[in-house]
Amino acid sequence: MDLGLTGRVAIVAAASTGLGFAVAKELSLEGAEVAICARTANDLESAAAQIQRASGREVFHQAVDVTDAKAVATFVSAVEARFKRIDICVTNSGGPPSKLFEDTGNEEWQAAIDQLLMSCVFFARETLPRMKKNKWGRLITITSYAVKQPVDGLLLSNSIRSAVTGLARTLANEYGTHGITVNNVCPGYTRTDRLGDLANAISGRTGAKPEEVFAGWERQIPAGRIGTPEEFAAVVTFLASERASYVNGVSLAVDGGIVRSLL
């Protein structure tokens with residue numbers, strides 16, 4: 001299937017590792033011109049080199065703190081200057097720490113809001129007007145299956161990612177007539193470093209060994225296993241494609257079936 005991505009210009013945030021890296025690599029393999037950002041320049045440079053080796057396509061990269069509105073604006077402008085257009089934006093950021101309500105202070109709430117919600121606002125503000133001008137675009141937010149089924153111990157993620165879902169649904173309504181789709185993709189348990197960190201946090205809180213935590217997750221998932229970043233990236237890449245032009249405003253779980261709700 002030709003996804004119609006050849007020559008499209010895609011931004012992927014927090015793409016030095018994990019899900020963001022997998023998405024950027026898959027988009028590049030499908031022929032898109034890819035620009036990636038993350039906070040750590042060395043990790044970002046390594047990621048860009050790995051993607052280029054895999055796809056044969058140069059990857060634009062720049063160190064960016066996605067909670068800094070001016071830094072995001074500078075990055076998006078640099079991508080447009082390099083490629084002359086922006087067609088796809090995949091928002092992403094690291095997850096907040098695993099916390100219980102009574103252990104979470106005001107500063108941690110604000111940090112999570114900046115990390116999860118405001119970073120999406122900043123990228124949407126910079127990219128949607130450019131997509132509107134071109135009458136074509138894809139804005140995709142990487143959230144979590146926690147927006148459909150809250151996860152114990154992930155207070156901040158459960159709360160604030162739901163706001164991202166509301167933002168994306170509203171933007172889908174506002175920009176749909178301009179050839180732009182806005183969708184959320186909600187990963188379940190996927191084998192990344194972030195998942196290992198979460199297992200260690202739960203281990204420290206409960207006394208269970210990290211491998212026991214992983215086994216417990218696998219028992220909850222109808223597929224019987226943890227997902228891979230590549231499986232997740234394939235779904236995001238389809239939503240970014242020409243083929244997904246009538247998919248708009250959805251929150252799609254990529255979770256092996258762990259969400260039990262009907263919607």
# chains A, B, ... in the order shown; residues from 1 in each chain; ligands from 1
call {"tool": "residues_around", "arguments": {"residues": "stretch 95-97 of chain A", "least_positions_apart": "5", "cutoff": "7 Å", "atoms": "only C-alpha atoms", "output": "ChimeraX atom specification"}}
result
/A:112,156-157
call {"tool": "residues_around", "arguments": {"residues": "stretch 30-32 of chain A", "least_positions_apart": "5", "cutoff": "7 Å", "atoms": "only C-alpha atoms", "output": "VMD selection string"}}
result
chain A and resid 5 to 10
call {"tool": "residues_around", "arguments": {"residues": "A:Ser28", "least_positions_apart": "5", "cutoff": "9 Å", "atoms": "only C-alpha atoms", "output": "PyMOL selection string"}}
result
chain A and resi 5-6+10+23+33-34+51-52+54-59
call {"tool": "closest_residue", "arguments": {"among": "A:Lys99, A:Phe122, A:Leu29, A:Leu117", "to": "A:Val72", "atoms": "only C-alpha atoms"}}
result
A:Phe122
call {"tool": "closest_residue", "arguments": {"among": "A:Ala172, A:Ala41, A:Ala233, A:Val12", "to": "A:Pro187", "atoms": "only C-alpha atoms"}}
result
A:Ala233
